[in-house]
Structure formats: C-alpha cells, structure tokens
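K.L.:
Quick one: the structure is below, and I'll ask about it shortly.
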Amino acid sequence: MTDLDVRETSGQSESEGSEDYSESTLVIVTPADVGRRLDVFLASLLPEQSRARLQRWVEEGSVLVDGRLARSSLSLRAGQRIEIQEPEQEAQGDWLAEPMRLDLLFEDDQVLVLNKPSGLVVHPAAGHPKGTLLNGLLAHCPELRAIPRAGIVHRLDRDTTGLMVVAKTPLAQVDLVRQLQARSVSRLYWALVWGRPAGARVLSGDIGRDPRDRQRMAVVSAGGKPAATHIEPKGEGVLEGRPVTLVVCRLETGRTHQIRVHLQEAGFPLVGDATYTRRAPLPGRSIGFERQALHAYRLSFLHPERRVEVAFEADLPKDFADLLERAGMKHPR
C-alpha cells in the first residue's frame, strides 16, 4: 500500500507496481536527450503508449515541463523536469464487469479487503481493458463504478500476492487516501531473497525511471522520489546451492517496484524476479516457481467510518510455502 493524492487517483500504467495511484512519473532530461521533441522523448519513456495518445496527454495538461504546460514539439534542454500524471486509460463507464472468484477477507458498506493471487493485474491498461481485478470488483459490487478507479487506492505487482483494501464509498476513498498520505497504513511483506542480509535495517534511496532501461525503476541520483523500506531477516535456507533468506519488509513509502528495487540495489534480489535479478540466478523450472517471491501478508488501517484500527493477515500462497520447504525453511507463522 502507499500514498495518494486527493486528486483521488492517478498513476503509471499497470506494468506491475506496488504503489499508490497518486504516483506521477518525474524525469530529469539528461544531455543524451537534449534537442529531442517532447513527444518523441515520451514515446521512448513509455513504449506501451502510442505517440498519438502521448500527444493528447500533452495537450490535456497531463505532462508538465518545469511545472508548465508545453507543446509536443518542444525541444528539450538538459536539466528540465518532466512530470507525467497519467490520465485514466479509458472512460470509467466503459470498464467491463467480469465475474471472477475474489478471495475476500472482509467486507462492509465502506471497505473490502481481499487477498490477491499471482498473475492478476490490478487495473486495466491501454490495450488490456479486461481480465483485471478492477473488472472483477465491478461484477462483485456494481456501485463501485461510481468511485474513481472502482475504489482501488493502491496496487500490487501482477505476480505479487497478498492483501489490498478497496474503498466502497467516496468518503472511505478520501479517508484512505489521507491515511496513505500520512503513512499511517501499515503494510508488511514476506520476501525471499538471494544472499544473507545482516540484521534489521532501513533501505533508502530515491526511486525513478532507470536511465539505462526506462521500462524499469532504479535508485537514481536525480529526478526520483524518496523511498524507504525496512527489512528484517527471519529465516535462512539454501536454494539451488545458494543461500536464501526470508525477510520481512515494511514500507514507509510506496514507489513503483520499491521493495524489488531496494533489495536488488542492496545486493539481495528477490528470488524469481526476472526484472531486477542481476546478481543471482533465477530459479529453474525444476522447482516450479517462476515469479518474484513477494507476498503482502499483513495490512492494518483505521476504519474510515468506525475510526478503530482493523488488521488483516493472509497466509503464504501454496507456491511460496512450497518454495520455502524446498529451501529447507519453516513456514512463517
């Protein structure tokens, strides 16, 4: 879970992200991009979007250069700050309701809490209008169509499992947004990493687009957003002949791919993470685990109406529990 903006929701396309929908993308123009047209630069930054769509974003004011409106033909200069606040991918009324099995842990007239499985994208993106959690939520609770992003105030990566809270009323959504802004929502994750982190510590470093691969995030020296992840080792094992450690992660902030980026930067990439694993091998098909080993297992927040703290836990999914067993580790309780 993560921070939001009372603009109520916005964010990057669903390329997997453990983030709030208040997230915007901030990029600093480097010398290598000097002289490029703004729309051409945006197309290289967001290859999943068409150039025509990006030009429309510029015209609609969703792209600011040094805090000002700009034209698509603008010639870039070094050091300019480009902020992209991605608009809704499609009209909210056009979203499809699709019946699907939802693992609900709690529901009342204000919020619902669910346990998201692996492989489920949270929100429709360009070219993918269906098959997402949002589509399933609309089938379960049609009145969510009247709430921005169907009440979804934070998201998990497609292949990350675990707990999410969804607002069912405008009051609940605004309240959860404010709690996220205040960082009073507690989120704990189980992560299996390569290596042996030495004791509890805080991983920090501004996160932004990787200048070498703009479809990834990275710890950057300029243009990123502050991020902090608390980690604490909880168990050790061996997988494919290499040491692995089960770690509890607690988020202070909720930047895109934050846990994955911080752990990789610290030298302890997530087992199974094909995007951010540079220094260790991926598990082979022989162990039957082909996603990042990350599970959001505990979530607590102040109930928007009752004003009491509510807390929820979700046990490890079977594939993660089996992976720990193969590593010679006990199931965390």
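In the structure tokens, each chain is lettered A, B, ... as it comes, each chain's residues begin at 1, and ligands are numbered from 1 in order of appearance.
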Compile the contact shell of Leu188 (chain A) as a PyMOL selection string: residues with an atom at most 8 Å away, counting only C-alpha atoms, same-chain residues fewer than 2 positions apart removed.

P.N.:
chain A and resi 186+190+248-251+296-299

K.L.:
How would the residues just picked look written out with N, CA, C and O atoms as a PDB file, in the first residue's frame?

P.N.:
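Result went into part39.pdb, see below:
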```pdb
ATOM      1  N   SER A 186      -0.314   0.426   7.768  1.00  0.00           N
ATOM      2  CA  SER A 186       0.804  -0.491   7.979  1.00  0.00           C
ATOM      3  C   SER A 186       0.739  -1.625   6.971  1.00  0.00           C
ATOM      4  O   SER A 186      -0.297  -2.257   6.790  1.00  0.00           O
ATOM      5  N   TRP A 190       6.281 -10.616   3.146  1.00  0.00           N
ATOM      6  CA  TRP A 190       7.307 -11.650   3.182  1.00  0.00           C
ATOM      7  C   TRP A 190       8.045 -11.612   1.842  1.00  0.00           C
ATOM      8  O   TRP A 190       7.419 -11.581   0.783  1.00  0.00           O
ATOM      9  N   VAL A 248      11.233  -9.927   6.321  1.00  0.00           N
ATOM     10  CA  VAL A 248      10.030  -9.121   6.471  1.00  0.00           C
ATOM     11  C   VAL A 248      10.352  -7.716   5.979  1.00  0.00           C
ATOM     12  O   VAL A 248      11.369  -7.125   6.375  1.00  0.00           O
ATOM     13  N   CYS A 249       9.513  -7.184   5.116  1.00  0.00           N
ATOM     14  CA  CYS A 249       9.687  -5.830   4.601  1.00  0.00           C
ATOM     15  C   CYS A 249       8.522  -4.964   5.070  1.00  0.00           C
ATOM     16  O   CYS A 249       7.366  -5.376   4.975  1.00  0.00           O
ATOM     17  N   ARG A 250       8.844  -3.787   5.554  1.00  0.00           N
ATOM     18  CA  ARG A 250       7.808  -2.819   5.931  1.00  0.00           C
ATOM     19  C   ARG A 250       8.015  -1.539   5.131  1.00  0.00           C
ATOM     20  O   ARG A 250       9.103  -0.959   5.126  1.00  0.00           O
ATOM     21  N   LEU A 251       6.967  -1.106   4.455  1.00  0.00           N
ATOM     22  CA  LEU A 251       7.058   0.071   3.610  1.00  0.00           C
ATOM     23  C   LEU A 251       6.785   1.352   4.390  1.00  0.00           C
ATOM     24  O   LEU A 251       5.816   1.419   5.147  1.00  0.00           O
ATOM     25  N   ALA A 296       2.301  -9.798   0.283  1.00  0.00           N
ATOM     26  CA  ALA A 296       1.827  -8.796   1.239  1.00  0.00           C
ATOM     27  C   ALA A 296       0.949  -9.500   2.270  1.00  0.00           C
ATOM     28  O   ALA A 296      -0.229  -9.763   2.014  1.00  0.00           O
ATOM     29  N   TYR A 297       1.516  -9.804   3.437  1.00  0.00           N
ATOM     30  CA  TYR A 297       0.823 -10.704   4.359  1.00  0.00           C
ATOM     31  C   TYR A 297       0.062  -9.999   5.473  1.00  0.00           C
ATOM     32  O   TYR A 297      -0.812 -10.600   6.109  1.00  0.00           O
ATOM     33  N   ARG A 298       0.378  -8.735   5.747  1.00  0.00           N
ATOM     34  CA  ARG A 298      -0.344  -8.048   6.831  1.00  0.00           C
ATOM     35  C   ARG A 298      -0.672  -6.621   6.421  1.00  0.00           C
ATOM     36  O   ARG A 298       0.162  -5.926   5.824  1.00  0.00           O
ATOM     37  N   LEU A 299      -1.891  -6.209   6.768  1.00  0.00           N
ATOM     38  CA  LEU A 299      -2.373  -4.876   6.419  1.00  0.00           C
ATOM     39  C   LEU A 299      -3.216  -4.356   7.572  1.00  0.00           C
ATOM     40  O   LEU A 299      -4.082  -5.074   8.088  1.00  0.00           O
TER      41      LEU A 299
END
```

K.L.:
For region 178-233 of chain A versus region 47-63 of chain A, which residues have an atom no more than 12 Å away, and what is each residue's nearest atom pair and distance in Å rounded to one decimal, using only C-alpha atoms, chain-then-number order, as JSON lines?

P.N.:
```
{"residue": "A:Asp213", "atom": "CA", "partner": "A:Pro47", "partner_atom": "CA", "distance": 11.2}
{"residue": "A:Arg214", "atom": "CA", "partner": "A:Pro47", "partner_atom": "CA", "distance": 8.9}
{"residue": "A:Gln215", "atom": "CA", "partner": "A:Pro47", "partner_atom": "CA", "distance": 8.1}
{"residue": "A:Arg216", "atom": "CA", "partner": "A:Pro47", "partner_atom": "CA", "distance": 11.9}
```

K.L.:
Would you write out those residues with N, CA and C atoms, as a PDB file, in the first residue's frame?

P.N.:
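part.pdb, freshly written:
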```pdb
ATOM      1  N   ASP A 213      17.279   1.824 -18.834  1.00  0.00           N
ATOM      2  CA  ASP A 213      16.170   0.986 -19.284  1.00  0.00           C
ATOM      3  C   ASP A 213      14.898   1.572 -18.710  1.00  0.00           C
ATOM      4  N   ARG A 214      14.193   2.349 -19.488  1.00  0.00           N
ATOM      5  CA  ARG A 214      13.094   3.129 -18.942  1.00  0.00           C
ATOM      6  C   ARG A 214      11.837   2.324 -18.688  1.00  0.00           C
ATOM      7  N   GLN A 215      11.888   1.035 -18.920  1.00  0.00           N
ATOM      8  CA  GLN A 215      10.769   0.193 -18.517  1.00  0.00           C
ATOM      9  C   GLN A 215      10.988  -0.382 -17.125  1.00  0.00           C
ATOM     10  N   ARG A 216      12.140  -0.045 -16.525  1.00  0.00           N
ATOM     11  CA  ARG A 216      12.459  -0.472 -15.163  1.00  0.00           C
ATOM     12  C   ARG A 216      12.549   0.743 -14.265  1.00  0.00           C
TER      13      ARG A 216
END
```

K.L.:
Choose the residue, out of A:Ala191, A:Val244, A:Val29, A:Ala97, that has the smallest atom-to-atom separation from His230 (chain A); count only C-alpha atoms.

P.N.:
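Smallest separation from His230 (chain A) among the options: A:Ala191.
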
K.L.:
List as number ranges by chain the protein and nucleic acid residues near Arg145 (chain A), meaning an atom at most 10 Å away when only C-alpha atoms are counted, but skip any in the same chain fewer than 2 places from it.

P.N.:
A: 92-97, 134-135, 137-139, 141-143, 147-151, 168

K.L.:
Selection from above, N, CA, C and O atoms, as a PDB file, in the first residue's frame, can you write it?

P.N.:
```pdb
ATOM      1  N   GLN A  92     -14.445   5.750 -17.369  1.00  0.00           N
ATOM      2  CA  GLN A  92     -14.788   4.832 -16.294  1.00  0.00           C
ATOM      3  C   GLN A  92     -16.044   4.033 -16.619  1.00  0.00           C
ATOM      4  O   GLN A  92     -16.152   2.858 -16.298  1.00  0.00           O
ATOM      5  N   GLY A  93     -16.994   4.658 -17.303  1.00  0.00           N
ATOM      6  CA  GLY A  93     -18.215   3.963 -17.648  1.00  0.00           C
ATOM      7  C   GLY A  93     -18.017   2.842 -18.651  1.00  0.00           C
ATOM      8  O   GLY A  93     -18.909   2.016 -18.856  1.00  0.00           O
ATOM      9  N   ASP A  94     -16.851   2.815 -19.305  1.00  0.00           N
ATOM     10  CA  ASP A  94     -16.579   1.782 -20.305  1.00  0.00           C
ATOM     11  C   ASP A  94     -15.951   0.528 -19.717  1.00  0.00           C
ATOM     12  O   ASP A  94     -15.763  -0.456 -20.420  1.00  0.00           O
ATOM     13  N   TRP A  95     -15.575   0.580 -18.446  1.00  0.00           N
ATOM     14  CA  TRP A  95     -14.977  -0.597 -17.842  1.00  0.00           C
ATOM     15  C   TRP A  95     -15.974  -1.750 -17.830  1.00  0.00           C
ATOM     16  O   TRP A  95     -17.166  -1.554 -17.590  1.00  0.00           O
ATOM     17  N   LEU A  96     -15.472  -2.941 -18.051  1.00  0.00           N
ATOM     18  CA  LEU A  96     -16.318  -4.128 -18.126  1.00  0.00           C
ATOM     19  C   LEU A  96     -16.410  -4.802 -16.764  1.00  0.00           C
ATOM     20  O   LEU A  96     -15.420  -4.886 -16.036  1.00  0.00           O
ATOM     21  N   ALA A  97     -17.584  -5.285 -16.430  1.00  0.00           N
ATOM     22  CA  ALA A  97     -17.758  -6.099 -15.222  1.00  0.00           C
ATOM     23  C   ALA A  97     -17.576  -7.559 -15.610  1.00  0.00           C
ATOM     24  O   ALA A  97     -18.239  -8.047 -16.523  1.00  0.00           O
ATOM     25  N   LEU A 134      -9.917  -4.956 -11.196  1.00  0.00           N
ATOM     26  CA  LEU A 134     -10.969  -3.944 -11.277  1.00  0.00           C
ATOM     27  C   LEU A 134     -12.212  -4.505 -11.956  1.00  0.00           C
ATOM     28  O   LEU A 134     -13.334  -4.271 -11.497  1.00  0.00           O
ATOM     29  N   ASN A 135     -12.045  -5.248 -13.040  1.00  0.00           N
ATOM     30  CA  ASN A 135     -13.193  -5.826 -13.725  1.00  0.00           C
ATOM     31  C   ASN A 135     -13.967  -6.776 -12.813  1.00  0.00           C
ATOM     32  O   ASN A 135     -15.200  -6.798 -12.804  1.00  0.00           O
ATOM     33  N   LEU A 137     -14.027  -6.635  -9.516  1.00  0.00           N
ATOM     34  CA  LEU A 137     -14.670  -5.859  -8.457  1.00  0.00           C
ATOM     35  C   LEU A 137     -15.990  -5.266  -8.940  1.00  0.00           C
ATOM     36  O   LEU A 137     -16.969  -5.201  -8.188  1.00  0.00           O
ATOM     37  N   LEU A 138     -16.043  -4.827 -10.187  1.00  0.00           N
ATOM     38  CA  LEU A 138     -17.277  -4.258 -10.713  1.00  0.00           C
ATOM     39  C   LEU A 138     -18.391  -5.296 -10.781  1.00  0.00           C
ATOM     40  O   LEU A 138     -19.565  -4.977 -10.576  1.00  0.00           O
ATOM     41  N   ALA A 139     -18.023  -6.543 -11.075  1.00  0.00           N
ATOM     42  CA  ALA A 139     -19.032  -7.600 -11.087  1.00  0.00           C
ATOM     43  C   ALA A 139     -19.508  -7.916  -9.669  1.00  0.00           C
ATOM     44  O   ALA A 139     -20.688  -8.174  -9.433  1.00  0.00           O
ATOM     45  N   CYS A 141     -19.406  -5.827  -7.043  1.00  0.00           N
ATOM     46  CA  CYS A 141     -20.020  -4.664  -6.398  1.00  0.00           C
ATOM     47  C   CYS A 141     -20.232  -3.573  -7.460  1.00  0.00           C
ATOM     48  O   CYS A 141     -19.408  -2.672  -7.604  1.00  0.00           O
ATOM     49  N   PRO A 142     -21.323  -3.629  -8.219  1.00  0.00           N
ATOM     50  CA  PRO A 142     -21.538  -2.705  -9.338  1.00  0.00           C
ATOM     51  C   PRO A 142     -21.490  -1.232  -8.953  1.00  0.00           C
ATOM     52  O   PRO A 142     -21.138  -0.388  -9.783  1.00  0.00           O
ATOM     53  N   GLU A 143     -21.827  -0.894  -7.710  1.00  0.00           N
ATOM     54  CA  GLU A 143     -21.816   0.515  -7.311  1.00  0.00           C
ATOM     55  C   GLU A 143     -20.414   1.119  -7.315  1.00  0.00           C
ATOM     56  O   GLU A 143     -20.254   2.339  -7.272  1.00  0.00           O
ATOM     57  N   ILE A 147     -17.159   5.149  -8.218  1.00  0.00           N
ATOM     58  CA  ILE A 147     -15.987   5.551  -7.444  1.00  0.00           C
ATOM     59  C   ILE A 147     -14.778   5.582  -8.384  1.00  0.00           C
ATOM     60  O   ILE A 147     -14.600   4.674  -9.194  1.00  0.00           O
ATOM     61  N   PRO A 148     -13.926   6.619  -8.302  1.00  0.00           N
ATOM     62  CA  PRO A 148     -12.728   6.641  -9.144  1.00  0.00           C
ATOM     63  C   PRO A 148     -11.912   5.360  -8.994  1.00  0.00           C
ATOM     64  O   PRO A 148     -11.689   4.879  -7.884  1.00  0.00           O
ATOM     65  N   ARG A 149     -11.510   4.797 -10.156  1.00  0.00           N
ATOM     66  CA  ARG A 149     -10.758   3.545 -10.195  1.00  0.00           C
ATOM     67  C   ARG A 149     -11.455   2.433  -9.420  1.00  0.00           C
ATOM     68  O   ARG A 149     -10.812   1.553  -8.855  1.00  0.00           O
ATOM     69  N   ALA A 150     -12.758   2.478  -9.386  1.00  0.00           N
ATOM     70  CA  ALA A 150     -13.558   1.445  -8.712  1.00  0.00           C
ATOM     71  C   ALA A 150     -13.134   1.233  -7.268  1.00  0.00           C
ATOM     72  O   ALA A 150     -13.227   0.134  -6.731  1.00  0.00           O
ATOM     73  N   GLY A 151     -12.670   2.306  -6.628  1.00  0.00           N
ATOM     74  CA  GLY A 151     -12.315   2.237  -5.217  1.00  0.00           C
ATOM     75  C   GLY A 151     -10.919   1.736  -4.923  1.00  0.00           C
ATOM     76  O   GLY A 151     -10.506   1.664  -3.765  1.00  0.00           O
ATOM     77  N   LYS A 168     -15.334   1.527  -0.835  1.00  0.00           N
ATOM     78  CA  LYS A 168     -16.645   1.327  -1.463  1.00  0.00           C
ATOM     79  C   LYS A 168     -17.478   2.603  -1.518  1.00  0.00           C
ATOM     80  O   LYS A 168     -18.553   2.614  -2.133  1.00  0.00           O
TER      81      LYS A 168
END
```

K.L.:
Between A:Ala172, A:Phe268, A:Arg155, A:Ala218, single out the one closest to Pro233 (chain A), counting only C-alpha atoms.

P.N.:
A:Phe268
